[in-house]
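Undergrad: So I've got this file, run.tsv, and it contains TSV, C-alpha atoms:
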```tsv
chain	number	residue	atom	x	y	z
A	1	MET	CA	17.73	-124.92	85.36
A	2	ARG	CA	19.03	-123.87	88.76
A	3	ARG	CA	17.03	-120.65	88.55
A	4	LEU	CA	13.85	-122.55	87.68
A	5	ALA	CA	14.45	-124.93	90.55
A	6	LEU	CA	14.92	-122.01	92.92
A	7	LEU	CA	11.74	-120.34	91.74
A	8	ALA	CA	9.83	-123.59	92.12
A	9	ALA	CA	11.20	-124.05	95.64
A	10	LEU	CA	10.23	-120.49	96.54
A	11	ALA	CA	6.72	-120.99	95.21
A	12	PHE	CA	6.41	-124.17	97.27
A	13	ALA	CA	7.71	-122.38	100.35
A	14	VAL	CA	5.21	-119.55	99.93
A	15	LEU	CA	2.35	-122.05	99.54
A	16	ALA	CA	3.51	-123.99	102.57
A	17	ALA	CA	3.81	-120.80	104.59
A	18	SER	CA	0.34	-119.73	103.48
A	19	ALA	CA	-1.09	-123.04	104.59
A	20	ALA	CA	0.68	-122.81	107.94
A	21	ALA	CA	-0.53	-119.22	108.41
A	22	GLN	CA	-4.22	-119.87	107.89
A	23	ASP	CA	-4.92	-118.56	111.38
A	24	ALA	CA	-2.65	-115.55	110.88
A	25	GLU	CA	-4.09	-112.20	109.89
A	26	PRO	CA	-2.54	-110.79	106.70
A	27	ILE	CA	-1.00	-107.38	107.20
A	28	VAL	CA	1.17	-104.98	105.24
A	29	GLY	CA	4.06	-103.50	107.17
A	30	ALA	CA	5.19	-99.94	106.57
A	31	GLY	CA	8.54	-98.70	105.34
A	32	SER	CA	8.88	-96.09	108.11
A	33	PHE	CA	8.01	-95.44	111.74
A	34	THR	CA	5.61	-92.68	110.74
A	35	THR	CA	3.32	-94.90	108.67
A	36	ALA	CA	3.58	-98.10	110.76
A	37	PRO	CA	0.14	-99.67	111.31
A	38	ILE	CA	-0.93	-99.90	114.97
A	39	ILE	CA	-1.84	-103.52	115.72
A	40	GLU	CA	-3.42	-105.45	118.59
A	41	PRO	CA	-2.11	-108.68	120.14
A	42	GLY	CA	-2.45	-111.56	117.67
A	43	THR	CA	-0.71	-113.51	114.93
A	44	TYR	CA	0.09	-111.84	111.62
A	45	SER	CA	1.58	-112.77	108.25
A	46	ASP	CA	3.43	-110.58	105.77
A	47	THR	CA	6.21	-110.76	103.17
A	48	ALA	CA	9.52	-108.91	103.15
A	49	LEU	CA	12.16	-108.29	100.50
A	50	PRO	CA	15.81	-108.89	101.34
A	51	GLU	CA	17.28	-105.77	102.98
A	52	GLU	CA	13.82	-104.22	103.42
A	53	TYR	CA	12.71	-102.79	106.75
A	54	LEU	CA	9.11	-103.37	107.79
A	55	TYR	CA	7.57	-101.58	110.78
A	56	TYR	CA	4.52	-102.32	112.94
A	57	ALA	CA	3.35	-100.40	116.02
A	58	VAL	CA	1.87	-101.44	119.37
A	59	ARG	CA	0.53	-99.10	122.04
A	60	LEU	CA	1.71	-99.89	125.58
A	61	ALA	CA	0.67	-98.51	128.98
A	62	PRO	CA	2.64	-98.48	132.26
A	63	GLY	CA	2.93	-101.97	133.75
A	64	GLN	CA	2.85	-103.71	130.34
A	65	ARG	CA	5.63	-105.34	128.31
A	66	LEU	CA	5.79	-106.46	124.69
A	67	ARG	CA	6.64	-109.98	123.57
A	68	VAL	CA	7.11	-110.81	119.87
A	69	GLU	CA	7.88	-114.13	118.18
A	70	LEU	CA	8.96	-114.12	114.52
A	71	GLN	CA	9.29	-117.01	112.08
A	72	ALA	CA	10.66	-116.96	108.52
A	73	GLY	CA	8.45	-119.01	106.22
A	74	MET	CA	11.15	-120.90	104.31
A	75	PRO	CA	14.04	-123.26	105.14
A	76	VAL	CA	17.53	-121.97	105.83
A	77	ARG	CA	18.93	-123.23	102.52
A	78	GLU	CA	16.31	-121.42	100.45
A	79	LEU	CA	16.72	-118.29	102.53
A	80	ASN	CA	20.49	-118.40	101.90
A	81	ASP	CA	19.89	-118.96	98.17
A	82	LEU	CA	18.24	-115.55	98.14
A	83	GLY	CA	21.41	-114.04	99.58
A	84	VAL	CA	19.87	-113.64	103.06
A	85	ILE	CA	21.58	-114.71	106.28
A	86	SER	CA	18.67	-114.29	108.68
A	87	VAL	CA	15.60	-112.21	109.48
A	88	GLN	CA	16.30	-109.68	112.22
A	89	LEU	CA	13.72	-108.67	114.82
A	90	ASN	CA	14.11	-105.38	116.73
A	91	ILE	CA	11.93	-103.37	119.10
A	92	HIS	CA	12.07	-99.57	119.19
A	93	SER	CA	10.80	-97.25	121.91
A	94	PRO	CA	8.33	-94.40	121.25
A	95	ASP	CA	11.26	-92.06	120.58
A	96	ARG	CA	12.43	-94.64	117.97
A	97	SER	CA	15.54	-95.71	119.87
A	98	LYS	CA	16.41	-99.40	119.58
A	99	LEU	CA	15.72	-101.18	122.86
A	100	SER	CA	17.80	-103.80	124.58
A	101	VAL	CA	15.55	-106.87	124.72
A	102	ASN	CA	15.64	-110.33	126.22
A	103	GLY	CA	15.61	-113.32	123.88
A	104	ARG	CA	16.71	-114.31	120.40
A	105	THR	CA	16.76	-111.41	117.94
A	106	SER	CA	16.95	-113.25	114.63
A	107	THR	CA	15.77	-116.39	112.86
A	108	VAL	CA	17.38	-118.20	109.93
A	109	GLY	CA	14.47	-120.23	108.59
A	110	ASN	CA	11.53	-122.36	109.62
A	111	ASP	CA	13.68	-125.35	110.57
A	112	THR	CA	15.35	-123.48	113.45
A	113	SER	CA	14.11	-121.72	116.57
A	114	PRO	CA	12.13	-118.55	115.83
A	115	ALA	CA	13.24	-115.12	116.92
A	116	GLU	CA	11.64	-114.25	120.24
A	117	VAL	CA	12.09	-110.99	122.16
A	118	THR	CA	10.55	-109.42	125.26
A	119	THR	CA	10.88	-105.81	126.36
A	120	GLY	CA	11.18	-104.52	129.90
A	121	THR	CA	8.08	-103.35	131.74
A	122	VAL	CA	6.88	-99.92	130.64
A	123	LEU	CA	7.34	-97.22	133.29
A	124	THR	CA	5.02	-94.39	134.18
A	125	SER	CA	5.82	-91.02	132.61
A	126	GLU	CA	7.28	-89.73	135.88
A	127	GLU	CA	9.46	-92.83	136.32
A	128	ALA	CA	10.64	-92.60	132.71
A	129	ARG	CA	11.55	-88.92	133.12
A	130	THR	CA	13.69	-89.65	136.18
A	131	ALA	CA	15.20	-92.93	134.92
A	132	ASN	CA	18.19	-91.10	133.42
A	133	GLU	CA	18.14	-93.31	130.32
A	134	ARG	CA	18.96	-92.26	126.78
A	135	ARG	CA	15.73	-93.74	125.45
A	136	TRP	CA	12.09	-93.29	126.44
A	137	THR	CA	10.73	-96.28	128.38
A	138	GLY	CA	7.42	-94.74	129.40
A	139	PRO	CA	3.97	-95.25	127.85
A	140	GLY	CA	3.38	-94.70	124.17
A	141	VAL	CA	3.59	-96.43	120.79
A	142	TYR	CA	6.40	-98.98	120.52
A	143	PHE	CA	7.64	-100.30	117.18
A	144	ILE	CA	8.37	-103.80	115.85
A	145	ALA	CA	11.02	-103.78	113.10
A	146	VAL	CA	11.66	-106.74	110.78
A	147	TYR	CA	14.73	-106.78	108.52
A	148	PRO	CA	16.08	-109.63	106.32
A	149	ILE	CA	19.89	-109.33	106.56
A	150	ALA	CA	21.83	-110.05	103.36
A	151	PHE	CA	25.27	-111.57	102.93
A	152	SER	CA	27.91	-108.93	102.34
A	153	GLY	CA	29.15	-108.77	98.74
A	154	ARG	CA	26.64	-111.29	97.39
A	155	GLU	CA	23.90	-110.74	94.85
A	156	VAL	CA	20.55	-110.43	96.55
A	157	SER	CA	17.32	-111.74	95.04
A	158	LYS	CA	14.19	-109.61	94.92
A	159	ALA	CA	11.95	-112.53	95.88
A	160	GLN	CA	9.47	-112.04	98.71
A	161	ILE	CA	10.21	-113.81	101.99
A	162	PRO	CA	7.09	-114.96	103.87
A	163	ILE	CA	7.14	-114.11	107.57
A	164	GLN	CA	4.79	-114.77	110.45
A	165	PHE	CA	4.91	-113.13	113.85
A	166	THR	CA	2.90	-113.25	117.06
A	167	VAL	CA	2.42	-110.21	119.27
A	168	GLU	CA	1.60	-110.48	122.96
A	169	VAL	CA	1.12	-107.70	125.51
A	170	GLU	CA	1.87	-109.03	128.98
A	171	GLY	CA	1.07	-107.43	132.33
A	172	GLU	CA	-1.80	-105.28	133.54
A	173	ALA	CA	-2.08	-101.70	132.34
A	174	GLN	CA	-1.56	-99.23	135.19
A	175	PRO	CA	-2.71	-95.60	135.40
A	176	ASP	CA	-0.24	-92.88	134.51
A	177	PRO	CA	-0.55	-90.25	137.29
A	178	THR	CA	1.49	-87.60	135.49
A	179	PRO	CA	1.16	-88.29	131.76
A	180	SER	CA	3.38	-86.43	129.36
A	181	ALA	CA	3.80	-86.24	125.63
A	182	THR	CA	6.20	-88.74	124.10
A	183	PRO	CA	9.56	-87.06	123.43
A	184	SER	CA	9.98	-86.14	119.80
A	185	PRO	CA	12.77	-88.14	118.07
A	186	ALA	CA	13.78	-85.21	115.89
A	187	PRO	CA	12.40	-81.80	116.91
A	188	THR	CA	11.64	-79.64	113.92
A	189	ALA	CA	13.48	-76.34	114.06
A	190	SER	CA	11.24	-73.39	113.28
A	191	ALA	CA	12.48	-70.74	110.92
A	192	ALA	CA	13.76	-67.61	112.68
A	193	PRO	CA	11.42	-64.66	112.12
A	194	ALA	CA	12.70	-61.94	109.88
A	195	GLN	CA	14.31	-59.15	111.88
A	196	PRO	CA	12.42	-55.86	111.49
A	197	SER	CA	14.44	-53.12	109.87
A	198	SER	CA	15.56	-50.28	112.08
A	199	SER	CA	13.25	-47.29	111.89
A	200	SER	CA	16.16	-44.85	111.90
A	201	GLY	CA	16.51	-43.57	108.36
A	202	ASP	CA	14.38	-46.26	106.71
A	203	ASP	CA	11.20	-44.22	106.65
A	204	ASN	CA	13.06	-41.28	105.03
A	205	THR	CA	14.70	-43.33	102.32
A	206	PRO	CA	11.93	-42.87	99.69
A	207	MET	CA	11.82	-39.12	100.34
A	208	VAL	CA	15.59	-38.82	100.04
A	209	ALA	CA	15.57	-40.77	96.81
A	210	ALA	CA	12.78	-38.60	95.40
A	211	ALA	CA	14.60	-35.39	96.35
A	212	ALA	CA	17.78	-36.62	94.73
A	213	GLY	CA	15.87	-37.42	91.56
A	214	VAL	CA	14.27	-33.97	91.38
A	215	GLY	CA	17.60	-32.31	92.07
A	216	GLY	CA	19.24	-34.22	89.24
A	217	LEU	CA	16.45	-33.24	86.87
A	218	LEU	CA	16.82	-29.52	87.71
A	219	VAL	CA	20.58	-29.66	87.17
A	220	GLY	CA	20.01	-31.21	83.78
A	221	VAL	CA	17.51	-28.53	82.73
A	222	VAL	CA	19.82	-25.71	83.82
A	223	GLY	CA	22.67	-27.27	81.88
A	224	VAL	CA	20.61	-27.46	78.67
A	225	ILE	CA	19.53	-23.83	78.99
A	226	ALA	CA	23.13	-22.68	79.55
A	227	LEU	CA	24.31	-24.63	76.52
A	228	ARG	CA	21.70	-23.00	74.30
A	229	GLN	CA	22.64	-19.52	75.54
A	230	ARG	CA	26.28	-20.11	74.57
A	231	ARG	CA	25.31	-21.23	71.05
A	232	ARG	CA	23.43	-18.02	70.51
```
Hey, can you dump this file as structure tokens for me?

TA:
Amino acid sequence: MRRLALLAALAFAVLAASAAAQDAEPIVGAGSFTTAPIIEPGTYSDTALPEEYLYYAVRLAPGQRLRVELQAGMPVRELNDLGVISVQLNIHSPDRSKLSVNGRTSTVGNDTSPAEVTTGTVLTSEEARTANERRWTGPGVYFIAVYPIAFSGREVSKAQIPIQFTVEVEGEAQPDPTPSATPSPAPTASAAPAQPSSSSGDDNTPMVAAAAGVGGLLVGVVGVIALRQRRR
């Protein structure tokens, strides 16, 4: 009975969230940075499984900053019944490093304050190169990451959690006088080319082997002839 009641409550929560998100654009988040859909400012709706990362991407220019507001589409009690503590909101730089942001980074249901984060202002490429920071804060594609955090040691449901988030890009885009490629998060090492064999002796190897073979054959023939002579 408790399971049926929980399923009924979840169904009601999804319907309520759908009604509340009529103005939101449905979207499907990606499971990795590489496949994250690039989105424009607006309000979006999606669903997330407990302990599932969802990624979305936003392109930012110098002078701009990213603001995101996230709301879980079910009450705290129902969220906890799924084994979930809260829904975490993170922002990652173009090199995929997690950024320090201003605001509230998680929400625990639609009866509390939503998560709301704002990044710093994006620097020009030259400023970012000389900023001496461990993460890239210049222009490029920034990532929104959503993650429902589960209670440790508790069984986690596989029910979908409705989420809604609003993306705003604040500030005026500025030109980038010295643009540069976004630093790669994990440079791919190229295979070392095969070392050419030394020419000394290598070219003569087939000839030496052939001579040795002929020499062995002649020794064998001479031996057979000598053996026959003895028998006579």

Undergrad: Edge lengths and centre, in Å to one decimal, as AutoDock Vina command-line options: that's what I need for the box along x, y and z that holds all listed atoms of stretch 112-116 of chain A plus 3 Å on each side.

TA:
```
--center_x 13.5 --center_y -118.9 --center_z 116.8 --size_x 9.7 --size_y 15.2 --size_z 12.8
```

Undergrad: Using all atoms listed in the file, determine which residues lie at most 7 Å from stretch 46-59 of chain A, disregarding the query and same-chain residues fewer than 3 positions distant; provide the list as an mmCIF file with C-alpha atoms, in the frame of the given file.

TA:
```cif
data_model
loop_
_atom_site.group_PDB
_atom_site.id
_atom_site.type_symbol
_atom_site.label_atom_id
_atom_site.label_comp_id
_atom_site.auth_asym_id
_atom_site.auth_seq_id
_atom_site.Cartn_x
_atom_site.Cartn_y
_atom_site.Cartn_z
ATOM 1 C CA PRO A 26 -2.540 -110.790 106.700
ATOM 2 C CA ILE A 27 -1.000 -107.380 107.200
ATOM 3 C CA VAL A 28 1.170 -104.980 105.240
ATOM 4 C CA GLY A 29 4.060 -103.500 107.170
ATOM 5 C CA ALA A 30 5.190 -99.940 106.570
ATOM 6 C CA GLY A 31 8.540 -98.700 105.340
ATOM 7 C CA SER A 32 8.880 -96.090 108.110
ATOM 8 C CA PHE A 33 8.010 -95.440 111.740
ATOM 9 C CA ALA A 36 3.580 -98.100 110.760
ATOM 10 C CA PRO A 37 0.140 -99.670 111.310
ATOM 11 C CA ILE A 38 -0.930 -99.900 114.970
ATOM 12 C CA ILE A 39 -1.840 -103.520 115.720
ATOM 13 C CA GLU A 40 -3.420 -105.450 118.590
ATOM 14 C CA VAL A 84 19.870 -113.640 103.060
ATOM 15 C CA GLY A 140 3.380 -94.700 124.170
ATOM 16 C CA VAL A 141 3.590 -96.430 120.790
ATOM 17 C CA TYR A 142 6.400 -98.980 120.520
ATOM 18 C CA PHE A 143 7.640 -100.300 117.180
ATOM 19 C CA ILE A 144 8.370 -103.800 115.850
ATOM 20 C CA ALA A 145 11.020 -103.780 113.100
ATOM 21 C CA VAL A 146 11.660 -106.740 110.780
ATOM 22 C CA TYR A 147 14.730 -106.780 108.520
ATOM 23 C CA PRO A 148 16.080 -109.630 106.320
ATOM 24 C CA ILE A 149 19.890 -109.330 106.560
ATOM 25 C CA ALA A 150 21.830 -110.050 103.360
ATOM 26 C CA VAL A 156 20.550 -110.430 96.550
ATOM 27 C CA LYS A 158 14.190 -109.610 94.920
ATOM 28 C CA ALA A 159 11.950 -112.530 95.880
ATOM 29 C CA GLN A 160 9.470 -112.040 98.710
ATOM 30 C CA ILE A 161 10.210 -113.810 101.990
ATOM 31 C CA PRO A 162 7.090 -114.960 103.870
ATOM 32 C CA ILE A 163 7.140 -114.110 107.570
ATOM 33 C CA GLN A 164 4.790 -114.770 110.450
#
```

Undergrad: Could you tell me how far atom CA of A:Thr34 sits from atom CA of A:Ile91, in Å to one decimal place?

TA: 15.0 Å

Undergrad: Report, in Å to a single decimal, how far apart atom CA of A:Asp23 and atom CA of A:Glu116 are.

TA: 19.3 Å

Undergrad: Which distance in Å separates atom CA of A:Asn110 and atom CA of A:Glu168, to one decimal?

TA: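 Atom CA of A:Glu168 lies 20.4 Å from atom CA of A:Asn110.
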
Undergrad: Fewer than 2 positions away in the same chain doesn't count, so skip those; otherwise give me all residues within 9 Å of A:Pro177, counting all atoms listed in the file, as a PyMOL selection string.

TA: chain A and resi 124-126+175+179

Undergrad: Mind checking which residues fall within 8 Å of A:Gln64, counting only C-alpha atoms, ignoring those fewer than 2 positions away in the same chain, and posting them as a PyMOL selection string?

TA: chain A and resi 60-62+66+121-122+169-174

Undergrad: Have a look at A:Thr178, A:Thr112, A:Ser152, A:Thr166 and name the one nearest to A:Leu89; count only C-alpha atoms.

TA: A:Thr166

Undergrad: Of the candidates A:Ala24, A:Ala131, A:Leu123, A:Val108, which shows the shortest atom-to-atom distance to A:Asp176, using all atoms listed in the file?

TA: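 Selected residue with least distance to A:Asp176: A:Leu123.
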
Undergrad: Go through A:Asn102, A:Thr107, A:Ser97, A:Ser113 and flag the residue nearest A:Thr137, using all atoms listed in the file for the distances.

TA: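 Using all atoms listed in the file, A:Thr137 sits closest to A:Ser97.
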
Undergrad: With distances taken over all atoms listed in the file, which residue among A:Gly73, A:Pro114, A:Gly63, A:Gly120 lies nearest A:His92?

TA: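 Between A:Gly73, A:Pro114, A:Gly63, A:Gly120, the residue approaching A:His92 most closely is A:Gly120.
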
Undergrad: I'd like to know which of A:Asn80, A:Ser86, A:Ser45, A:Ser100 is closest to A:Arg134, using only C-alpha atoms.

TA: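 For A:Arg134, the nearest of the given residues is A:Ser100.
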
Undergrad: Between A:Gly109, A:Pro139, A:Pro75, A:Pro41, single out the one closest to A:Ser180, counting all atoms listed in the file.

TA: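 So, comparing all the options, the nearest one is A:Pro139.
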